[in-house]
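Structure file final05.txt (compact mmCIF, C-alpha atoms) follows.
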```txt
# COMPACT_ATOMS: atom_id res chain seq x y z
CA MET A 1 16.79 80.31 11.55
CA LYS A 2 16.66 77.06 9.53
CA ILE A 3 13.91 74.43 9.52
CA PHE A 4 14.13 70.87 8.19
CA SER A 5 10.97 69.07 7.08
CA ASN A 6 10.26 65.57 5.81
CA GLY A 7 7.10 63.54 5.37
CA SER A 8 4.68 62.28 2.72
CA SER A 9 1.98 64.07 0.75
CA PHE A 10 0.77 66.28 3.62
CA ALA A 11 4.25 67.67 4.22
CA SER A 12 4.75 68.02 0.46
CA GLY A 13 2.00 70.64 0.60
CA LYS A 14 2.21 74.13 1.96
CA TYR A 15 2.16 73.78 5.76
CA PRO A 16 5.98 73.55 6.15
CA GLU A 17 6.28 76.77 4.12
CA TYR A 18 3.60 78.54 6.18
CA LEU A 19 5.33 77.42 9.35
CA ALA A 20 8.71 78.65 8.10
CA ASN A 21 7.14 82.01 7.24
CA ARG A 22 5.65 82.36 10.71
CA LEU A 23 9.04 81.56 12.25
CA ASN A 24 10.88 83.78 9.75
CA ALA A 25 13.01 80.76 8.85
CA ASP A 26 14.62 79.21 5.79
CA LEU A 27 13.04 75.90 4.90
CA THR A 28 14.51 72.65 3.59
CA ASN A 29 11.67 70.29 2.75
CA ILE A 30 12.46 66.82 1.34
CA ALA A 31 8.92 65.44 1.79
CA THR A 32 7.65 63.28 -1.06
CA PRO A 33 4.09 62.08 -1.74
CA GLY A 34 3.70 58.36 -1.07
CA TYR A 35 6.60 58.06 1.34
CA SER A 36 6.30 55.37 4.03
CA ASN A 37 7.54 55.78 7.60
CA ARG A 38 10.61 53.79 6.60
CA SER A 39 11.25 56.08 3.60
CA ILE A 40 10.88 59.20 5.75
CA TRP A 41 13.29 57.81 8.34
CA ARG A 42 15.78 56.50 5.75
CA THR A 43 15.85 59.65 3.63
CA THR A 44 16.28 61.83 6.72
CA LEU A 45 19.33 59.80 7.77
CA GLU A 46 20.69 59.87 4.21
CA TYR A 47 20.20 63.64 4.00
CA ASN A 48 21.85 63.88 7.42
CA PRO A 49 20.55 67.36 8.31
CA LYS A 50 22.95 69.29 10.52
CA ASN A 51 22.97 72.88 11.74
CA TYR A 52 19.19 73.23 11.70
CA ASP A 53 17.32 75.05 14.43
CA PHE A 54 14.19 73.00 14.17
CA ALA A 55 12.83 69.86 12.50
CA VAL A 56 9.24 68.93 11.70
CA ILE A 57 8.64 65.36 10.62
CA GLN A 58 5.29 64.07 9.40
CA LEU A 59 4.94 60.30 9.64
CA THR A 60 2.24 58.47 7.76
CA SER A 61 0.11 55.32 7.55
CA LYS A 62 1.97 52.49 9.27
CA SER A 63 1.00 49.96 6.59
CA ARG A 64 3.06 51.66 3.90
CA THR A 65 6.51 50.36 3.08
CA GLU A 66 9.16 50.59 0.38
CA PHE A 67 11.45 48.34 -1.61
CA TYR A 68 14.39 48.81 -3.93
CA SER A 69 14.49 47.68 -7.55
CA ASP A 70 16.51 48.56 -10.61
CA LEU A 71 14.03 51.42 -11.03
CA GLY A 72 15.13 52.83 -7.67
CA TRP A 73 13.18 53.06 -4.41
CA GLN A 74 9.49 52.30 -4.81
CA GLU A 75 6.76 53.16 -2.37
CA ILE A 76 4.17 50.54 -1.45
CA SER A 77 0.80 51.00 0.19
CA PRO A 78 -2.17 48.62 0.51
CA GLN A 79 -3.89 50.47 -2.34
CA LEU A 80 -1.09 49.20 -4.62
CA THR A 81 -1.57 52.10 -7.01
CA HIS A 82 2.09 52.79 -7.72
CA PRO A 83 2.42 53.03 -11.54
CA LYS A 84 5.77 51.20 -11.69
CA LEU A 85 4.73 48.15 -9.66
CA GLY A 86 4.19 45.95 -12.71
CA ASP A 87 4.38 42.21 -12.01
CA LYS A 88 5.43 42.90 -8.40
CA LYS A 89 1.89 44.00 -7.61
CA LYS A 90 0.58 40.46 -6.94
CA LEU A 91 3.46 39.76 -4.53
CA TRP A 92 2.66 42.86 -2.51
CA GLN A 93 -1.04 42.07 -2.65
CA TYR A 94 -0.24 38.66 -1.10
CA TRP A 95 1.90 40.41 1.54
CA TYR A 96 -0.97 42.65 2.64
CA GLU A 97 -3.59 39.92 2.49
CA ASN A 98 -1.63 37.19 4.26
CA LEU A 99 1.55 38.35 5.99
CA TYR A 100 1.21 41.99 7.03
CA SER A 101 -0.33 42.67 10.44
CA ASP A 102 -0.97 45.73 12.61
CA GLU A 103 1.72 44.46 14.98
CA TYR A 104 4.26 44.65 12.14
CA GLY A 105 3.10 48.15 11.21
CA ASP A 106 3.26 49.28 14.85
CA CYS A 107 6.84 48.01 15.04
CA GLU A 108 7.86 49.86 11.86
CA GLU A 109 6.19 53.04 13.11
CA ASN A 110 7.98 52.80 16.45
CA PHE A 111 11.34 52.28 14.72
CA ALA A 112 10.82 55.48 12.73
CA ILE A 113 9.72 57.55 15.74
CA GLU A 114 12.59 56.37 17.95
CA GLY A 115 15.14 56.55 15.15
CA LEU A 116 14.17 60.11 14.19
CA ARG A 117 13.83 61.40 17.77
CA ASP A 118 17.30 60.18 18.74
CA TYR A 119 18.88 61.38 15.49
CA PHE A 120 17.68 64.94 16.17
CA ALA A 121 18.40 64.67 19.91
CA ILE A 122 22.09 63.88 19.42
CA ASN A 123 22.34 66.68 16.85
CA ASN A 124 20.73 69.13 19.30
CA ILE A 125 17.90 69.93 16.90
CA PRO A 126 14.47 70.37 18.54
CA CYS A 127 12.05 68.11 16.72
CA ILE A 128 8.30 67.83 16.37
CA ILE A 129 6.94 64.55 15.02
CA VAL A 130 3.36 64.53 13.75
CA THR A 131 1.39 61.79 12.06
CA THR A 132 -1.34 61.43 9.49
CA ASP A 133 -2.13 57.87 10.62
CA LYS A 134 -5.60 58.46 12.02
CA PHE A 135 -5.65 55.10 13.79
CA THR A 136 -2.19 54.98 15.33
CA LYS A 137 -1.98 53.59 18.85
CA SER A 138 1.35 55.28 19.54
CA LYS A 139 1.42 57.93 22.25
CA LYS A 140 4.84 59.14 21.11
CA PHE A 141 3.65 61.71 18.57
CA ASP A 142 3.52 65.42 19.33
CA LEU A 143 0.41 65.73 17.20
CA ASN A 144 -1.99 63.58 15.23
CA ILE A 145 -3.00 65.91 12.41
CA PHE A 146 -6.44 64.28 12.32
CA ASP A 147 -7.03 65.39 15.92
CA ILE A 148 -7.43 68.93 14.60
CA THR A 149 -10.19 70.16 12.34
CA PHE A 150 -9.11 71.46 8.97
CA PRO A 151 -10.72 71.65 5.53
CA MET A 152 -9.77 68.96 3.00
CA ASP A 153 -10.04 68.74 -0.75
CA LYS A 154 -11.50 65.89 -2.82
CA THR A 155 -8.27 63.89 -2.50
CA ARG A 156 -8.52 63.98 1.32
CA HIS A 157 -5.59 66.36 1.58
CA PRO A 158 -5.62 69.77 3.28
CA THR A 159 -6.80 72.76 1.28
CA THR A 160 -4.72 75.96 1.38
CA ILE A 161 -6.60 76.98 4.51
CA GLY A 162 -6.12 73.46 5.89
CA HIS A 163 -2.36 73.78 5.53
CA LYS A 164 -2.47 77.12 7.35
CA VAL A 165 -4.46 75.54 10.21
CA ILE A 166 -1.89 72.72 10.49
CA ALA A 167 1.03 75.18 10.37
CA ASN A 168 -0.59 77.26 13.13
CA LYS A 169 -1.01 74.20 15.35
CA ILE A 170 2.62 73.13 14.84
CA TYR A 171 3.68 76.75 15.52
CA GLU A 172 1.84 76.59 18.86
CA ILE A 173 3.65 73.36 19.77
CA ALA A 174 6.98 74.81 18.62
CA ASN A 175 6.44 77.83 20.85
CA THR A 176 5.98 75.64 23.89
CA ARG A 177 9.38 74.11 23.15
CA ARG A 178 11.27 77.38 22.78
CA MET B 1 28.26 46.77 36.85
CA ARG B 2 25.72 45.40 34.37
CA LEU B 3 26.55 44.38 30.83
CA LEU B 4 24.13 43.69 27.97
CA THR B 5 25.22 41.82 24.86
CA LEU B 6 22.72 41.39 22.04
CA GLY B 7 23.19 39.71 18.68
CA ASP B 8 22.64 36.49 16.76
CA SER B 9 24.26 33.04 16.98
CA TRP B 10 27.75 34.54 17.22
CA THR B 11 26.89 36.29 20.47
CA PHE B 12 24.59 33.46 21.58
CA GLY B 13 27.65 31.17 21.39
CA ASP B 14 26.39 28.65 18.86
CA GLU B 15 28.55 25.51 18.42
CA LEU B 16 30.33 25.94 21.76
CA GLU B 17 30.49 22.83 23.94
CA ASP B 18 30.01 24.79 27.16
CA ARG B 19 28.13 27.79 25.83
CA PRO B 20 27.23 29.55 29.11
CA ASN B 21 30.87 29.61 30.18
CA GLN B 22 32.73 29.89 26.88
CA ARG B 23 30.91 32.63 25.00
CA PHE B 24 32.54 36.02 24.81
CA SER B 25 29.79 37.72 26.83
CA THR B 26 30.62 35.53 29.85
CA LEU B 27 34.36 36.01 29.39
CA LEU B 28 33.83 39.78 29.34
CA SER B 29 31.66 39.64 32.45
CA HIS B 30 34.51 37.92 34.33
CA ARG B 31 37.08 40.44 33.16
CA LEU B 32 34.84 43.41 33.95
CA ASN B 33 33.44 41.91 37.17
CA ALA B 34 29.99 42.53 35.70
CA GLU B 35 26.63 40.82 35.67
CA VAL B 36 25.75 39.98 32.09
CA ASP B 37 22.45 39.60 30.24
CA ASN B 38 22.67 37.96 26.84
CA PRO B 39 19.27 37.64 25.13
CA SER B 40 20.92 36.76 21.79
CA VAL B 41 19.19 34.17 19.59
CA CYS B 42 20.44 32.20 16.59
CA GLY B 43 19.24 33.60 13.28
CA LEU B 44 18.25 37.06 14.47
CA SER B 45 18.00 39.72 11.77
CA ASN B 46 18.99 43.33 12.24
CA HIS B 47 15.24 44.09 12.36
CA ALA B 48 14.85 41.64 15.26
CA ILE B 49 17.95 42.88 17.07
CA ALA B 50 16.68 46.47 16.87
CA ARG B 51 13.19 45.41 17.98
CA ILE B 52 14.51 43.50 21.00
CA PHE B 53 16.84 46.43 21.76
CA LEU B 54 13.86 48.81 21.94
CA GLU B 55 11.91 46.33 24.07
CA THR B 56 14.79 46.18 26.58
CA ASP B 57 15.24 48.65 29.43
CA ILE B 58 18.75 49.63 28.40
CA SER B 59 18.97 52.30 31.11
CA ALA B 60 19.65 49.38 33.49
CA TYR B 61 23.04 48.72 31.87
CA ASP B 62 26.47 50.30 32.27
CA LEU B 63 27.81 48.86 29.05
CA VAL B 64 25.95 47.63 25.95
CA ILE B 65 27.50 45.56 23.18
CA ILE B 66 25.40 45.17 20.03
CA GLN B 67 26.37 42.63 17.39
CA MET B 68 24.58 43.22 14.11
CA SER B 69 23.88 40.46 11.61
CA GLN B 70 23.68 39.57 7.92
CA ILE B 71 21.76 42.19 5.95
CA SER B 72 19.48 39.88 3.98
CA ARG B 73 17.77 38.47 7.07
CA THR B 74 14.41 39.83 8.14
CA GLU B 75 11.37 38.94 10.21
CA TRP B 76 7.60 39.22 10.10
CA TYR B 77 4.86 38.94 12.70
CA ASP B 78 3.02 35.63 12.45
CA LYS B 79 -0.37 36.65 13.77
CA ARG B 80 -2.01 33.29 13.04
CA GLY B 81 0.77 31.61 14.98
CA THR B 82 1.00 28.54 12.78
CA THR B 83 4.45 28.96 11.26
CA THR B 84 6.54 27.34 14.00
CA ARG B 85 4.39 24.21 13.78
CA TYR B 86 4.58 24.29 9.98
CA LYS B 87 8.39 24.46 10.13
CA ARG B 88 8.49 21.62 12.67
CA ASN B 89 6.46 19.41 10.33
CA LEU B 90 8.88 20.20 7.49
CA GLN B 91 11.82 19.33 9.77
CA LYS B 92 10.20 16.02 10.65
CA LYS B 93 9.92 15.16 6.97
CA LEU B 94 13.53 16.17 6.31
CA TYR B 95 15.02 14.57 9.41
CA PRO B 96 12.64 11.76 10.50
CA ASN B 97 15.18 10.13 12.83
CA ARG B 98 15.74 13.20 15.01
CA LYS B 99 14.10 13.45 18.43
CA TYR B 100 11.61 16.28 18.69
CA ARG B 101 10.26 18.03 21.75
CA LYS B 102 6.51 18.46 22.12
CA GLU B 103 4.47 20.00 19.33
CA PRO B 104 4.91 23.82 19.18
CA GLU B 105 1.96 25.85 20.42
CA ILE B 106 -0.17 27.88 18.04
CA ARG B 107 0.61 31.43 19.11
CA SER B 108 1.29 34.82 17.52
CA GLU B 109 5.02 35.53 17.39
CA TRP B 110 7.81 37.14 15.43
CA ASP B 111 9.27 34.74 12.89
CA GLY B 112 12.79 35.12 11.53
CA ILE B 113 13.49 34.72 7.83
CA MET B 114 16.90 33.92 6.35
CA THR B 115 18.21 32.50 3.14
CA THR B 116 20.73 29.87 4.27
CA GLN B 117 18.22 26.98 4.04
CA ASP B 118 14.81 26.68 2.38
CA ILE B 119 13.25 25.80 5.71
CA TYR B 120 14.15 29.24 7.08
CA MET B 121 12.05 30.81 4.32
CA SER B 122 9.14 28.43 4.81
CA THR B 123 6.06 29.77 6.56
CA GLY B 124 3.28 27.88 4.80
CA HIS B 125 2.37 30.87 2.65
CA ILE B 126 2.42 29.31 -0.79
CA MET B 127 1.80 31.65 -3.70
CA GLU B 128 1.47 30.06 -7.14
CA GLY B 129 3.22 26.90 -5.91
CA LYS B 130 6.12 28.62 -4.16
CA GLU B 131 6.82 29.93 -0.66
CA TRP B 132 6.17 33.67 -0.63
CA TRP B 133 9.47 34.39 1.16
CA MET B 134 11.43 32.52 -1.54
CA ARG B 135 9.74 34.71 -4.11
CA TYR B 136 10.51 37.74 -1.94
CA TYR B 137 14.24 36.99 -2.16
CA GLU B 138 14.06 36.18 -5.88
CA GLU B 139 11.82 39.03 -6.99
CA LEU B 140 11.71 41.81 -4.39
CA TYR B 141 14.78 41.78 -2.18
CA HIS B 142 17.80 43.82 -3.25
CA ASP B 143 21.07 44.18 -1.31
CA LYS B 144 20.53 47.91 -1.36
CA TYR B 145 17.46 47.30 0.81
CA GLY B 146 19.50 45.14 3.19
CA GLU B 147 22.21 47.80 3.35
CA SER B 148 19.61 50.44 4.16
CA ASP B 149 18.20 48.18 6.90
CA GLU B 150 21.69 47.94 8.38
CA MET B 151 22.15 51.71 8.13
CA ILE B 152 18.87 52.69 9.79
CA PHE B 153 19.12 50.10 12.58
CA PHE B 154 22.80 50.90 13.23
CA HIS B 155 21.91 54.56 13.73
CA LEU B 156 18.78 53.72 15.72
CA MET B 157 20.70 51.75 18.34
CA LYS B 158 23.88 53.83 18.36
CA ASN B 159 22.01 57.15 18.60
CA LYS B 160 19.77 55.81 21.39
CA LEU B 161 22.82 54.67 23.40
CA THR B 162 24.64 57.94 22.71
CA SER B 163 21.64 60.06 23.69
CA MET B 164 21.38 58.09 26.96
CA SER B 165 25.16 58.38 27.56
CA ILE B 166 25.50 54.61 27.86
CA PRO B 167 28.97 53.31 26.90
CA HIS B 168 28.62 50.91 24.01
CA LEU B 169 30.30 49.04 21.20
CA MET B 170 28.86 48.13 17.83
CA LEU B 171 30.04 44.83 16.31
CA THR B 172 29.15 43.14 13.03
CA ILE B 173 29.49 39.89 11.11
CA ASN B 174 28.71 41.57 7.77
CA LYS B 175 32.01 41.48 5.89
CA LYS B 176 30.83 44.02 3.31
CA THR B 177 29.44 46.60 5.69
CA LYS B 178 29.95 50.28 4.99
CA MET B 179 28.97 51.33 8.49
CA PRO B 180 31.57 52.48 11.05
CA PHE B 181 31.43 49.44 13.36
CA ASP B 182 33.86 49.22 16.26
CA LEU B 183 34.77 45.59 15.55
CA GLN B 184 34.40 43.20 12.63
CA LEU B 185 33.93 39.65 13.96
CA ASN B 186 33.81 37.91 10.59
CA LYS B 187 37.58 37.77 10.20
CA SER B 188 39.79 34.77 9.52
CA LYS B 189 41.90 35.45 12.58
CA TYR B 190 39.11 34.12 14.83
CA PRO B 191 39.15 30.28 14.63
CA ARG B 192 35.85 28.81 13.42
CA ALA B 193 33.86 25.63 14.08
CA LYS B 194 32.24 23.53 11.32
CA GLY B 195 29.18 25.77 11.12
CA ASP B 196 31.38 28.86 10.75
CA HIS B 197 30.85 30.18 14.29
CA PRO B 198 33.84 31.07 16.48
CA THR B 199 35.37 28.24 18.50
CA SER B 200 36.06 28.64 22.22
CA LEU B 201 39.47 30.08 21.30
CA GLY B 202 37.70 32.42 18.85
CA HIS B 203 35.49 33.68 21.68
CA ILE B 204 38.56 34.24 23.91
CA MET B 205 40.16 36.28 21.12
CA ILE B 206 36.95 38.28 20.52
CA ALA B 207 36.64 39.05 24.25
CA SER B 208 40.27 40.14 24.28
CA ASP B 209 39.77 42.44 21.27
CA ILE B 210 36.65 43.95 22.88
CA MET B 211 38.61 44.61 26.08
CA LYS B 212 41.20 46.52 24.05
CA LEU B 213 38.41 48.75 22.72
CA LEU B 214 36.98 49.55 26.15
```

For the structure just supplied, provide its representation as structure tokens.
Amino acid sequence: MKIFSNGSSFASGKYPEYLANRLNADLTNIATPGYSNRSIWRTTLEYNPKNYDFAVIQLTSKSRTEFYSDLGWQEISPQLTHPKLGDKKKLWQYWYENLYSDEYGDCEENFAIEGLRDYFAINNIPCIIVTTDKFTKSKKFDLNIFDITFPMDKTRHPTTIGHKVIANKIYEIANTRR
Amino acid sequence: MRLLTLGDSWTFGDELEDRPNQRFSTLLSHRLNAEVDNPSVCGLSNHAIARIFLETDISAYDLVIIQMSQISRTEWYDKRGTTTRYKRNLQKKLYPNRKYRKEPEIRSEWDGIMTTQDIYMSTGHIMEGKEWWMRYYEELYHDKYGESDEMIFFHLMKNKLTSMSIPHLMLTINKKTKMPFDLQLNKSKYPRAKGDHPTSLGHIMIASDIMKLL
């Protein structure tokens, strides 16, 4: 059995591995800390996973985005903490203060959900899409990770036990699909 | 039979004298004996086309034709709702002798951004003396981003139509596209009007080429 995983910092942790172990599966995990919903969707399409038995995608805060520069793809979030932002930081600060809205974020989130669901559907790969956006209004997710209780560390990410709790919950959902 | 065509000014039928009857969507509807819906709008970006696509009940259609646009275009959601009025005031200054309809309402709406004229990048968001969107194109936008927009939205719409088993065609006006579109409209063989849109003959030829693909 083969599992594909993508997402941001949560999926870069251990839960995809714990899940793969429980399912006795080989894991491909291309999750990267800081990824936006657009990055997760784009990199999944670019990776073009085929011949997988299962996919678990973790979407993230809808306000994040990305842009391309000579330095490559750069992740943007309202915290504007990316070390390579340089003089672009004030432009993005203006974006979040004056142009970005929840409606825009909702639209971007919906693009990613629909785009990923249909990609896996036409490739006959069962897919679970979870989110770490605590405040999402979308009803299209299989799980909001913040709807379950799990221990977090100082950086507000799951501890080792937290990742196991998340993996167990996704395992339960996966079992209902099999 | 019901047909949906969705795109920008090319599918809208800009520059045609008798747009409702001369645009390729209408010509196709006659040849297919189909009812046609054509919610195309001038200046739509691929972001807007994909958004409108997802807002549309596409299960109601037997055939869907999507025409994607230039990759540098985008859109944002104007929550304050003041941009349309701001653009109108700029137009009045630029073209004082034109006749204008009543003042646009203040209302939240999606606002298209494109680079062909300064006014299409003007929203009233001035940062350090310059429109933010002009700075976006000078300092943030990269064609690689536009290409990735085209790639993700192409797959979004095509995969949705495929998963719903709805017959469809994907068209483009982006000459440099790397995506596997069914038909490239931006070709010299289709006669053009002054503003570079297909003439009535161009629309007849496009409809004919689409029929060959069906």

Selection: 12 Å around Arg101 (chain B), all atoms listed in the file, excl. self and same-chain fewer than 2 positions, as a CSV table (one decimal) with C-alpha atoms, keeping the file's coordinate frame:
```
chain,number,residue,atom,x,y,z
B,85,ARG,CA,4.4,24.2,13.8
B,88,ARG,CA,8.5,21.6,12.7
B,92,LYS,CA,10.2,16.0,10.6
B,98,ARG,CA,15.7,13.2,15.0
B,99,LYS,CA,14.1,13.4,18.4
B,103,GLU,CA,4.5,20.0,19.3
B,104,PRO,CA,4.9,23.8,19.2
B,105,GLU,CA,2.0,25.8,20.4
```

Length of the CA of Tyr18 (chain A) to CA of Thr159 (chain A) vector [Å]: 12.9 Å

Contact set, chain B to chain A: 9 Å, all atoms listed in the file, as a ChimeraX atom specification: /B:50-51,54,76-79,110,125,127,132,135-136,139-145,148-149,151-153,155-157,159-160,162-163

Output file for the selection above: C-alpha atoms, as an mmCIF file, in the coordinates of the input:
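Everything below was put into again_27.cif:
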```
data_model
loop_
_atom_site.group_PDB
_atom_site.id
_atom_site.type_symbol
_atom_site.label_atom_id
_atom_site.label_comp_id
_atom_site.auth_asym_id
_atom_site.auth_seq_id
_atom_site.Cartn_x
_atom_site.Cartn_y
_atom_site.Cartn_z
ATOM 1 C CA ALA B 50 16.680 46.470 16.870
ATOM 2 C CA ARG B 51 13.190 45.410 17.980
ATOM 3 C CA LEU B 54 13.860 48.810 21.940
ATOM 4 C CA TRP B 76 7.600 39.220 10.100
ATOM 5 C CA TYR B 77 4.860 38.940 12.700
ATOM 6 C CA ASP B 78 3.020 35.630 12.450
ATOM 7 C CA LYS B 79 -0.370 36.650 13.770
ATOM 8 C CA TRP B 110 7.810 37.140 15.430
ATOM 9 C CA HIS B 125 2.370 30.870 2.650
ATOM 10 C CA MET B 127 1.800 31.650 -3.700
ATOM 11 C CA TRP B 132 6.170 33.670 -0.630
ATOM 12 C CA ARG B 135 9.740 34.710 -4.110
ATOM 13 C CA TYR B 136 10.510 37.740 -1.940
ATOM 14 C CA GLU B 139 11.820 39.030 -6.990
ATOM 15 C CA LEU B 140 11.710 41.810 -4.390
ATOM 16 C CA TYR B 141 14.780 41.780 -2.180
ATOM 17 C CA HIS B 142 17.800 43.820 -3.250
ATOM 18 C CA ASP B 143 21.070 44.180 -1.310
ATOM 19 C CA LYS B 144 20.530 47.910 -1.360
ATOM 20 C CA TYR B 145 17.460 47.300 0.810
ATOM 21 C CA SER B 148 19.610 50.440 4.160
ATOM 22 C CA ASP B 149 18.200 48.180 6.900
ATOM 23 C CA MET B 151 22.150 51.710 8.130
ATOM 24 C CA ILE B 152 18.870 52.690 9.790
ATOM 25 C CA PHE B 153 19.120 50.100 12.580
ATOM 26 C CA HIS B 155 21.910 54.560 13.730
ATOM 27 C CA LEU B 156 18.780 53.720 15.720
ATOM 28 C CA MET B 157 20.700 51.750 18.340
ATOM 29 C CA ASN B 159 22.010 57.150 18.600
ATOM 30 C CA LYS B 160 19.770 55.810 21.390
ATOM 31 C CA THR B 162 24.640 57.940 22.710
ATOM 32 C CA SER B 163 21.640 60.060 23.690
#
```

Selection: 12 Å around Asn38 (chain B), all atoms listed in the file, excl. self and same-chain fewer than 6 positions, as a ChimeraX atom specification: /B:2-13,19-20,23-26,28-29,49,52-53,56,61,64-67

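Summary of the local environment: counting all atoms listed in the file, residues at most 12 Å from Ser208 (chain B), other than itself and those fewer than 2 positions away along its chain, are B:Phe24, B:Ser25, B:Leu27, B:Leu28, B:Ser29, B:His30, B:Arg31, B:Leu32, B:Leu183, B:Tyr190, B:Leu201, B:Gly202, B:His203, B:Ile204, B:Met205, B:Ile206, B:Ile210, B:Met211, B:Lys212, B:Leu213, B:Leu214.
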
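For the atom pair formed by CA of Ile161 (chain A) and CA of Pro33 (chain A), the distance is 19.4 Å, given to one decimal.
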
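Taking CA of His163 (chain A) as the reference point, CA of Ile76 (chain A) is found at 25.1 Å.
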
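The residue that comes closest to Asp111 (chain B), out of B:Gly146, B:Gly43, B:Pro167, B:Pro96 and on the basis of only C-alpha atoms, is B:Gly43.
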
Spatial neighbours of Leu85 (chain A), 9 Å, only C-alpha atoms, chain gap at least 4 places, as a compact mmCIF listing (two decimals) with C-alpha atoms, keeping the file's coordinate frame:
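That gives us result.txt:
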```txt
# COMPACT_ATOMS: atom_id res chain seq x y z
CA GLN A 74 9.49 52.30 -4.81
CA ILE A 76 4.17 50.54 -1.45
CA LEU A 80 -1.09 49.20 -4.62
CA THR A 81 -1.57 52.10 -7.01
CA LYS A 89 1.89 44.00 -7.61
```

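With only C-alpha atoms as the atoms that count, the residue of B:Glu17, B:Glu150, B:Glu109, B:Asp118 with the shortest distance to Arg80 (chain B) is B:Glu109.
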
Which residues come within 6 Å of Ile113 (chain B), counting all atoms listed in the file, excluding same-chain residues fewer than 5 positions away, as an mmCIF file with C-alpha atoms, keeping the file's coordinate frame?
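Writing done, so here's part_34.cif:
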```
data_model
loop_
_atom_site.group_PDB
_atom_site.id
_atom_site.type_symbol
_atom_site.label_atom_id
_atom_site.label_comp_id
_atom_site.auth_asym_id
_atom_site.auth_seq_id
_atom_site.Cartn_x
_atom_site.Cartn_y
_atom_site.Cartn_z
ATOM 1 C CA ARG B 73 17.770 38.470 7.070
ATOM 2 C CA THR B 74 14.410 39.830 8.140
ATOM 3 C CA GLU B 75 11.370 38.940 10.210
ATOM 4 C CA TYR B 120 14.150 29.240 7.080
ATOM 5 C CA MET B 121 12.050 30.810 4.320
#
```

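Closest approach to Ala60 (chain B) among B:Leu16, B:Val36, B:Leu185, B:Ile126 is made by B:Val36 (distances from all atoms listed in the file).
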